[in-house]
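File shown: run19.cif (mmCIF, C-alpha atoms).
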```
data_data
#
loop_
_atom_site.label_atom_id
_atom_site.label_comp_id
_atom_site.auth_asym_id
_atom_site.auth_seq_id
_atom_site.Cartn_x
_atom_site.Cartn_y
_atom_site.Cartn_z
CA MET Q 1 -6.16 -3.61 24.69
CA HIS Q 2 -2.81 -4.99 25.80
CA TYR Q 3 0.59 -3.32 25.60
CA VAL Q 4 3.54 -5.66 26.05
CA VAL Q 5 7.18 -4.68 26.52
CA ASP Q 6 10.19 -6.91 27.20
CA LEU Q 7 13.20 -5.88 29.25
CA THR Q 8 16.48 -7.78 29.26
CA TRP Q 9 19.20 -6.95 31.75
CA LYS Q 10 22.82 -6.62 30.60
CA PRO Q 11 24.52 -8.66 33.32
CA GLY Q 12 27.02 -6.80 35.45
CA THR Q 13 25.61 -3.39 34.50
CA GLN Q 14 22.89 -0.95 35.54
CA ALA Q 15 21.41 -1.16 32.05
CA GLY Q 16 19.10 -3.18 29.84
CA VAL Q 17 17.26 -3.29 26.54
CA SER Q 18 13.56 -2.51 26.12
CA ALA Q 19 11.83 -4.23 23.24
CA ALA Q 20 8.29 -3.83 21.94
CA GLU Q 21 7.24 -5.86 18.91
CA GLY Q 22 7.94 -4.16 15.60
CA ARG Q 23 9.57 -1.10 17.18
CA PRO Q 24 13.24 -0.13 17.50
CA ASP Q 25 14.85 -1.30 20.75
CA VAL Q 26 15.51 1.34 23.40
CA ASP Q 27 18.54 0.98 25.67
CA VAL Q 28 17.71 1.93 29.24
CA SER Q 29 19.56 2.66 32.46
CA ALA Q 30 19.23 4.62 35.68
CA PRO Q 31 19.87 8.36 35.50
CA ALA Q 32 23.54 9.28 36.07
CA GLU Q 33 22.87 10.71 39.54
CA LEU Q 34 21.47 7.34 40.58
CA GLY Q 35 24.48 5.41 39.33
CA GLY Q 36 23.32 4.70 35.78
CA ASP Q 37 24.41 5.62 32.27
CA GLY Q 38 23.25 9.17 31.60
CA ALA Q 39 23.43 8.63 27.84
CA LEU Q 40 20.49 6.21 27.97
CA TRP Q 41 16.75 6.64 28.60
CA SER Q 42 15.88 6.24 32.28
CA PRO Q 43 12.54 5.15 33.79
CA GLU Q 44 12.07 8.77 34.87
CA HIS Q 45 12.56 10.09 31.33
CA LEU Q 46 10.31 7.37 29.89
CA LEU Q 47 7.52 8.29 32.30
CA VAL Q 48 7.77 11.97 31.35
CA ALA Q 49 7.84 11.06 27.64
CA SER Q 50 4.82 8.78 28.03
CA LEU Q 51 2.74 11.47 29.71
CA GLN Q 52 3.40 14.27 27.25
CA THR Q 53 3.03 12.02 24.21
CA CYS Q 54 -0.34 10.84 25.52
CA LEU Q 55 -1.44 14.43 26.08
CA MET Q 56 -0.40 15.50 22.57
CA LEU Q 57 -2.05 12.55 20.84
CA THR Q 58 -5.27 12.99 22.80
CA ALA Q 59 -5.21 16.73 22.06
CA LEU Q 60 -4.81 15.95 18.34
CA TYR Q 61 -8.02 13.92 18.50
CA PHE Q 62 -9.98 16.85 19.94
CA ILE Q 63 -8.24 19.39 17.65
CA LYS Q 64 -9.61 17.46 14.70
CA ARG Q 65 -13.09 17.24 16.20
CA LEU Q 66 -13.09 20.96 16.97
CA ASN Q 67 -11.77 21.87 13.50
CA VAL Q 68 -8.78 23.70 14.89
CA THR Q 69 -6.02 24.43 12.39
CA MET Q 70 -2.76 23.88 14.23
CA LEU Q 71 0.55 24.45 12.48
CA SER Q 72 3.05 23.41 15.14
CA TYR Q 73 3.09 21.83 18.59
CA HIS Q 74 5.97 21.40 20.98
CA SER Q 75 5.94 20.47 24.62
CA GLN Q 76 8.62 20.32 27.26
CA THR Q 77 7.77 18.31 30.35
CA THR Q 78 9.61 18.28 33.64
CA GLY Q 79 9.23 15.55 36.20
CA THR Q 80 10.32 16.49 39.71
CA MET Q 81 11.49 13.73 42.03
CA VAL Q 82 12.58 14.06 45.65
CA LYS Q 83 14.06 11.81 48.32
CA SER Q 84 11.44 11.03 50.94
CA PRO Q 85 11.38 8.65 53.93
CA GLU Q 86 9.53 6.19 51.63
CA GLY Q 87 12.23 6.43 48.95
CA LEU Q 88 12.40 8.47 45.75
CA ARG Q 89 9.03 9.98 44.90
CA PHE Q 90 7.71 12.05 42.01
CA THR Q 91 6.05 15.20 43.34
CA ALA Q 92 5.08 17.02 40.13
CA LEU Q 93 4.81 16.62 36.37
CA GLN Q 94 4.69 19.95 34.56
CA VAL Q 95 3.88 20.10 30.87
CA ALA Q 96 4.61 23.34 28.99
CA VAL Q 97 3.06 23.40 25.52
CA ASN Q 98 3.93 25.89 22.77
CA ALA Q 99 1.76 25.77 19.68
CA THR Q 100 1.07 27.81 16.57
CA VAL Q 101 -2.42 28.10 15.10
CA ARG Q 102 -3.68 29.53 11.84
CA ALA Q 103 -6.04 32.21 13.15
CA ALA Q 104 -7.05 33.84 16.41
CA ALA Q 105 -10.27 31.81 16.43
CA ASP Q 106 -8.26 28.59 16.65
CA GLU Q 107 -6.76 29.53 20.00
CA ALA Q 108 -9.88 28.90 22.06
CA GLY Q 109 -10.38 25.56 20.34
CA LEU Q 110 -6.81 24.53 21.08
CA ARG Q 111 -7.19 25.45 24.75
CA GLN Q 112 -10.37 23.40 24.89
CA ALA Q 113 -8.69 20.45 23.14
CA LEU Q 114 -5.81 20.46 25.60
CA GLU Q 115 -8.17 20.61 28.57
CA GLN Q 116 -10.07 17.64 27.19
CA ALA Q 117 -6.76 15.85 26.58
CA LYS Q 118 -5.76 16.23 30.22
CA LYS Q 119 -9.09 14.69 31.21
CA PHE Q 120 -9.14 11.82 28.72
CA CYS Q 121 -5.47 10.87 28.31
CA PRO Q 122 -5.10 7.40 29.88
CA VAL Q 123 -1.56 8.07 31.11
CA SER Q 124 -2.41 11.17 33.15
CA ALA Q 125 -5.40 9.23 34.51
CA ALA Q 126 -3.06 6.41 35.57
CA LEU Q 127 -0.87 8.76 37.63
CA SER Q 128 -1.34 9.75 41.26
CA VAL Q 129 1.16 12.62 40.86
CA PRO Q 130 -0.26 16.11 40.13
CA VAL Q 131 -0.03 17.00 36.43
CA THR Q 132 -0.09 20.65 35.38
CA VAL Q 133 -0.39 21.81 31.78
CA SER Q 134 0.42 25.30 30.53
CA LEU Q 135 -0.21 26.49 26.97
CA THR Q 136 1.38 29.32 25.03
CA VAL Q 137 -0.28 29.94 21.67
CA LEU Q 138 1.10 31.90 18.75
CA VAL Q 139 -1.19 32.91 15.91
CA ALA Q 140 0.66 32.54 12.62
CA PRO Q 141 1.61 35.99 11.29
CA MET R 142 15.93 15.97 40.77
CA HIS R 143 14.43 17.06 37.48
CA TYR R 144 13.79 14.99 34.37
CA VAL R 145 13.12 16.98 31.22
CA VAL R 146 11.90 15.64 27.87
CA ASP R 147 10.97 17.55 24.72
CA LEU R 148 8.29 16.48 22.27
CA THR R 149 7.93 17.93 18.78
CA TRP R 150 4.91 17.14 16.65
CA LYS R 151 5.34 16.18 13.00
CA PRO R 152 2.63 18.39 11.47
CA GLY R 153 -0.12 16.55 9.64
CA THR R 154 0.64 13.25 11.38
CA GLN R 155 -0.19 11.35 14.56
CA ALA R 156 3.50 11.24 15.42
CA GLY R 157 6.33 13.18 17.01
CA VAL R 158 9.90 13.01 18.25
CA SER R 159 10.86 12.67 21.92
CA ALA R 160 14.21 14.14 22.88
CA ALA R 161 16.05 13.98 26.19
CA GLU R 162 19.45 15.66 26.42
CA GLY R 163 22.36 13.42 25.47
CA ARG R 164 20.14 10.45 24.58
CA PRO R 165 19.06 9.07 21.19
CA ASP R 166 15.73 10.51 19.98
CA VAL R 167 12.69 8.23 20.15
CA ASP R 168 9.98 8.55 17.50
CA VAL R 169 6.53 8.24 19.03
CA SER R 170 2.96 7.77 17.84
CA ALA R 171 -0.36 6.36 18.97
CA PRO R 172 -0.79 2.59 18.87
CA ALA R 173 -2.10 1.33 15.53
CA GLU R 174 -5.56 0.52 16.95
CA LEU R 175 -5.88 4.16 17.99
CA GLY R 176 -4.96 5.49 14.56
CA GLY R 177 -1.22 5.80 15.00
CA ASP R 178 1.90 4.24 13.53
CA GLY R 179 2.32 0.80 15.08
CA ALA R 180 6.03 0.75 14.22
CA LEU R 181 6.73 3.51 16.75
CA TRP R 182 6.74 3.65 20.55
CA SER R 183 3.35 4.70 21.95
CA PRO R 184 2.62 6.40 25.29
CA GLU R 185 1.19 3.07 26.45
CA HIS R 186 4.39 1.17 25.61
CA LEU R 187 6.54 3.92 27.16
CA LEU R 188 4.58 3.72 30.41
CA VAL R 189 5.00 -0.05 30.56
CA ALA R 190 8.73 0.29 29.76
CA SER R 191 9.16 2.95 32.43
CA LEU R 192 7.57 0.82 35.13
CA GLN R 193 9.50 -2.38 34.50
CA THR R 194 12.82 -0.57 34.05
CA CYS R 195 12.29 1.19 37.36
CA LEU R 196 11.49 -2.11 39.07
CA MET R 197 14.60 -3.80 37.64
CA LEU R 198 16.96 -0.97 38.55
CA THR R 199 15.56 -0.70 42.06
CA ALA R 200 15.80 -4.50 42.43
CA LEU R 201 19.46 -4.33 41.34
CA TYR R 202 20.13 -1.91 44.19
CA PHE R 203 18.71 -4.33 46.75
CA ILE R 204 20.30 -7.36 45.07
CA LYS R 205 23.69 -5.75 45.66
CA ARG R 206 22.86 -4.87 49.26
CA LEU R 207 21.66 -8.40 49.93
CA ASN R 208 24.69 -9.98 48.22
CA VAL R 209 22.56 -11.94 45.78
CA THR R 210 24.43 -13.37 42.81
CA MET R 211 22.09 -12.96 39.84
CA LEU R 212 23.16 -14.20 36.43
CA SER R 213 20.25 -13.08 34.25
CA TYR R 214 17.07 -11.03 34.54
CA HIS R 215 14.27 -10.62 32.04
CA SER R 216 10.83 -9.16 32.51
CA GLN R 217 7.79 -8.96 30.31
CA THR R 218 5.19 -6.42 31.34
CA THR R 219 1.64 -6.14 30.07
CA GLY R 220 -0.44 -3.03 30.44
CA THR R 221 -4.18 -3.57 30.08
CA MET R 222 -6.32 -0.66 28.90
CA VAL R 223 -10.09 -0.60 28.48
CA LYS R 224 -12.67 1.81 27.12
CA SER R 225 -14.65 3.29 29.98
CA PRO R 226 -17.26 6.08 30.17
CA GLU R 227 -14.39 8.38 31.24
CA GLY R 228 -12.29 7.41 28.22
CA LEU R 229 -9.45 4.92 27.85
CA ARG R 230 -8.21 3.74 31.21
CA PHE R 231 -5.40 1.44 32.33
CA THR R 232 -6.79 -1.23 34.64
CA ALA R 233 -3.71 -3.38 35.35
CA LEU R 234 0.05 -3.49 34.93
CA GLN R 235 1.42 -7.01 35.25
CA VAL R 236 5.16 -7.61 35.48
CA ALA R 237 6.46 -11.16 34.94
CA VAL R 238 10.11 -11.54 35.91
CA ASN R 239 12.33 -14.49 34.98
CA ALA R 240 15.74 -14.58 36.59
CA THR R 241 18.64 -16.95 37.06
CA VAL R 242 20.67 -17.02 40.27
CA ARG R 243 23.90 -18.76 41.19
CA ALA R 244 22.70 -20.87 44.10
CA ALA R 245 19.50 -21.89 45.85
CA ALA R 246 20.32 -19.50 48.70
CA ASP R 247 20.14 -16.54 46.30
CA GLU R 248 16.50 -17.16 45.51
CA ALA R 249 15.11 -15.85 48.80
CA GLY R 250 17.31 -12.76 48.49
CA LEU R 251 16.08 -12.09 44.99
CA ARG R 252 12.44 -12.39 46.08
CA GLN R 253 13.12 -9.97 48.90
CA ALA R 254 14.91 -7.54 46.56
CA LEU R 255 11.99 -7.55 44.13
CA GLU R 256 9.49 -6.96 46.93
CA GLN R 257 11.55 -4.01 48.12
CA ALA R 258 11.78 -2.77 44.53
CA LYS R 259 8.01 -2.71 44.20
CA LYS R 260 7.82 -0.65 47.38
CA PHE R 261 10.63 1.79 46.61
CA CYS R 262 10.47 2.21 42.82
CA PRO R 263 9.33 5.80 42.20
CA VAL R 264 7.39 4.89 39.05
CA SER R 265 5.19 2.25 40.68
CA ALA R 266 4.64 4.73 43.51
CA ALA R 267 3.53 7.37 40.97
CA LEU R 268 0.84 5.09 39.52
CA SER R 269 -2.74 4.72 40.70
CA VAL R 270 -3.16 1.53 38.63
CA PRO R 271 -2.64 -1.82 40.41
CA VAL R 272 0.82 -3.27 39.72
CA THR R 273 1.40 -6.99 40.15
CA VAL R 274 4.81 -8.63 40.03
CA SER R 275 5.46 -12.35 39.57
CA LEU R 276 8.88 -13.97 39.78
CA THR R 277 10.15 -17.22 38.32
CA VAL R 278 13.64 -18.13 39.50
CA LEU R 279 15.99 -20.65 37.98
CA VAL R 280 19.05 -21.78 39.92
CA ALA R 281 21.98 -22.13 37.54
CA PRO R 282 22.69 -25.83 36.94
#
```

Output the file's structure in the form of structure tokens.
Amino acid sequence: MHYVVDLTWKPGTQAGVSAAEGRPDVDVSAPAELGGDGALWSPEHLLVASLQTCLMLTALYFIKRLNVTMLSYHSQTTGTMVKSPEGLRFTALQVAVNATVRAAADEAGLRQALEQAKKFCPVSAALSVPVTVSLTVLVAP
Amino acid sequence: MHYVVDLTWKPGTQAGVSAAEGRPDVDVSAPAELGGDGALWSPEHLLVASLQTCLMLTALYFIKRLNVTMLSYHSQTTGTMVKSPEGLRFTALQVAVNATVRAAADEAGLRQALEQAKKFCPVSAALSVPVTVSLTVLVAP
């Protein structure tokens, strides 16, 4: 499988346009603290978005296989980057998931699905940075 | 430095919404061949976009330092993913850059800037997958 994305620089700026066939364009720039346009998606934000989307989609696959009834799923992921002698380096990617399930019995299945997701998601497997995943489950009242 | 992105699942679907403060939302899904909505950005496309944006922005930093006059820059990046016994795995990320410079003397500087970018870009450093970068330079006529 091949995933192809085009990037075109806007001359004279710290910004560009990302294009993937059939999808809306995404304007990109460096984060504001690195001299870019803070109103646009940065490589750092795209990496964080890629990881947590991969984890959710892989979890959905296992949730279905495990017959878990999930009503809602939200994650907030924080990428931490530091200045090192070798340049800017990510040191941690922390994913905090909040989900609602139908019944108490679904909670164990969801935990299992998310553990499997961390193992099988191709994006977390492609990263050399430590990824941590925490899960808070609410059983629908 | 911290980069925070939120992801909210659209219940009953293989899709969600990615939100990063102050930036336009990006709808996300799995690629079509993995059961998702092929009109939306996938984790695979986001990873590819993150890498090549990071490389371009880091190259721009060195281009300025090296006083290279660059008139245009475009890259097309292909992520290759295969099915393995451990699940889907990225095996290669190939970045093909096409750029135009003012004068022949700028070409060496651009090559140097892109080599430095590969070394110092925090996204390529965060990946365990081999990244290759090729550069085609045109000197403006």

Between CA of Leu279 in chain R and CA of Ser216 in chain R, measure the distance and give it in Å to one decimal.
13.7 Å

Do a neighbour search on Pro43 in chain Q at 10 Å with all atoms listed in the file, toss out local chain neighbours closer than 6 positions, and write the hits as a PyMOL selection string.
(chain Q and resi 28-31+49) or (chain R and resi 144+187-198+262-264)

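Across the model, the gap from CA of Met142 in chain R to CA of Ser84 in chain Q is 12.2 Å.
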
Mind dumping a table of every chain Q residue within 6 Å of chain R, with the nearest atom pair and its distance in Å to one decimal, using only C-alpha atoms, sorted by chain and rising number, as a tab-separated table?
```
residue	atom	partner	partner_atom	distance
Q:Met1	CA	R:Met222	CA	5.1
Q:His2	CA	R:Thr221	CA	4.7
Q:Tyr3	CA	R:Gly220	CA	5.0
Q:Val4	CA	R:Thr219	CA	4.5
Q:Val5	CA	R:Thr218	CA	5.5
Q:Asp6	CA	R:Gln217	CA	4.4
Q:Leu7	CA	R:Ser216	CA	5.2
Q:Thr8	CA	R:His215	CA	4.5
Q:Trp9	CA	R:Tyr214	CA	5.4
Q:Gly22	CA	R:Ala180	CA	5.4
Q:Arg23	CA	R:Ala180	CA	5.0
Q:Ala39	CA	R:Arg164	CA	5.0
Q:Leu40	CA	R:Arg164	CA	5.4
Q:Pro43	CA	R:Ser191	CA	4.3
Q:His45	CA	R:Tyr144	CA	5.9
Q:Leu46	CA	R:Ser191	CA	5.2
Q:Leu47	CA	R:Ser191	CA	5.6
Q:Ser50	CA	R:Pro184	CA	4.2
Q:Thr53	CA	R:Pro184	CA	5.7
Q:Cys54	CA	R:Pro184	CA	5.3
Q:Tyr73	CA	R:Trp150	CA	5.4
Q:His74	CA	R:Thr149	CA	4.6
Q:Ser75	CA	R:Leu148	CA	5.2
Q:Gln76	CA	R:Asp147	CA	4.4
Q:Thr77	CA	R:Val146	CA	5.5
Q:Thr78	CA	R:Val145	CA	4.5
Q:Gly79	CA	R:Tyr144	CA	4.9
Q:Thr80	CA	R:His143	CA	4.7
Q:Met81	CA	R:Met142	CA	5.1
Q:Gly87	CA	R:Phe261	CA	5.4
Q:Leu88	CA	R:Pro263	CA	5.4
Q:Arg89	CA	R:Pro263	CA	5.0
Q:Phe120	CA	R:Gly228	CA	5.4
Q:Pro122	CA	R:Arg230	CA	5.0
Q:Ala126	CA	R:Ser269	CA	5.4
Q:Leu127	CA	R:Leu268	CA	4.5
Q:Ser128	CA	R:Ser269	CA	5.3
Q:Val129	CA	R:Ala267	CA	5.8
```

Just so the selection is clear, what residues does the PyMOL selection byres ((chain Q and resi 62) around 9) cover here, as a VMD selection string?
chain Q and resid 58 to 61 63 to 68 109 to 110 112 to 114 116 to 117

Residue by residue, what does the PyMOL selection byres ((chain R and resi 282) around 12) grab here? Present the result as a compact mmCIF listing (two decimals) with C-alpha atoms, in the frame of the given file.
```txt
# COMPACT_ATOMS: atom_id res chain seq x y z
CA LEU R 212 23.16 -14.20 36.43
CA THR R 241 18.64 -16.95 37.06
CA VAL R 242 20.67 -17.02 40.27
CA ARG R 243 23.90 -18.76 41.19
CA ALA R 244 22.70 -20.87 44.10
CA ALA R 245 19.50 -21.89 45.85
CA LEU R 279 15.99 -20.65 37.98
CA VAL R 280 19.05 -21.78 39.92
CA ALA R 281 21.98 -22.13 37.54
```

If you take every atom of range 23-39 of chain Q that the file lists and fit an axis-aligned box around them with 6 Å extra on each side, what centre and edge lengths come out in Å to one decimal, as lines of an AutoDock Vina configuration file?
```
center_x = 17.0
center_y = 4.7
center_z = 28.9
size_x = 26.9
size_y = 24.0
size_z = 35.4
```

Can you measure CA of Leu276 in chain R to CA of Asp37 in chain Q for me? One decimal in Å is fine.
26.1 Å

Please, could N, CA and C atoms be added to range 261-278 of chain R and the result written as a JSON list (two decimals), in the frame of the given file?
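rebuild.json was written with the following content:
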```json
[["chain", "number", "residue", "atom", "x", "y", "z"],
["R", 261, "PHE", "N", 9.81, 0.58, 46.68],
["R", 261, "PHE", "CA", 10.63, 1.79, 46.61],
["R", 261, "PHE", "C", 10.77, 2.39, 45.21],
["R", 262, "CYS", "N", 10.36, 1.67, 44.18],
["R", 262, "CYS", "CA", 10.47, 2.21, 42.82],
["R", 262, "CYS", "C", 9.57, 3.43, 42.67],
["R", 263, "PRO", "N", 10.15, 4.58, 42.27],
["R", 263, "PRO", "CA", 9.33, 5.80, 42.20],
["R", 263, "PRO", "C", 8.25, 5.75, 41.13],
["R", 264, "VAL", "N", 8.42, 4.94, 40.10],
["R", 264, "VAL", "CA", 7.39, 4.89, 39.05],
["R", 264, "VAL", "C", 6.17, 4.11, 39.54],
["R", 265, "SER", "N", 6.38, 2.96, 40.18],
["R", 265, "SER", "CA", 5.19, 2.25, 40.68],
["R", 265, "SER", "C", 4.48, 3.10, 41.73],
["R", 266, "ALA", "N", 5.25, 3.86, 42.50],
["R", 266, "ALA", "CA", 4.64, 4.73, 43.51],
["R", 266, "ALA", "C", 3.85, 5.88, 42.88],
["R", 267, "ALA", "N", 4.20, 6.25, 41.65],
["R", 267, "ALA", "CA", 3.53, 7.37, 40.97],
["R", 267, "ALA", "C", 2.25, 6.94, 40.26],
["R", 268, "LEU", "N", 1.98, 5.62, 40.27],
["R", 268, "LEU", "CA", 0.84, 5.09, 39.52],
["R", 268, "LEU", "C", -0.34, 4.79, 40.44],
["R", 269, "SER", "N", -1.53, 5.07, 39.95],
["R", 269, "SER", "CA", -2.74, 4.72, 40.70],
["R", 269, "SER", "C", -3.32, 3.40, 40.22],
["R", 270, "VAL", "N", -2.70, 2.80, 39.20],
["R", 270, "VAL", "CA", -3.16, 1.53, 38.63],
["R", 270, "VAL", "C", -2.51, 0.38, 39.40],
["R", 271, "PRO", "N", -3.25, -0.69, 39.70],
["R", 271, "PRO", "CA", -2.64, -1.82, 40.41],
["R", 271, "PRO", "C", -1.49, -2.45, 39.62],
["R", 272, "VAL", "N", -0.37, -2.64, 40.32],
["R", 272, "VAL", "CA", 0.82, -3.27, 39.72],
["R", 272, "VAL", "C", 1.01, -4.62, 40.40],
["R", 273, "THR", "N", 1.09, -5.67, 39.58],
["R", 273, "THR", "CA", 1.40, -6.99, 40.15],
["R", 273, "THR", "C", 2.72, -7.47, 39.59],
["R", 274, "VAL", "N", 3.50, -8.15, 40.44],
["R", 274, "VAL", "CA", 4.81, -8.63, 40.03],
["R", 274, "VAL", "C", 4.90, -10.12, 40.35],
["R", 275, "SER", "N", 5.23, -10.92, 39.33],
["R", 275, "SER", "CA", 5.46, -12.35, 39.57],
["R", 275, "SER", "C", 6.91, -12.66, 39.25],
["R", 276, "LEU", "N", 7.45, -13.64, 39.95],
["R", 276, "LEU", "CA", 8.88, -13.97, 39.78],
["R", 276, "LEU", "C", 9.07, -15.46, 39.61],
["R", 277, "THR", "N", 9.75, -15.83, 38.54],
["R", 277, "THR", "CA", 10.15, -17.22, 38.32],
["R", 277, "THR", "C", 11.67, -17.27, 38.39],
["R", 278, "VAL", "N", 12.19, -18.08, 39.32],
["R", 278, "VAL", "CA", 13.64, -18.13, 39.50],
["R", 278, "VAL", "C", 14.19, -19.48, 39.09]]
```
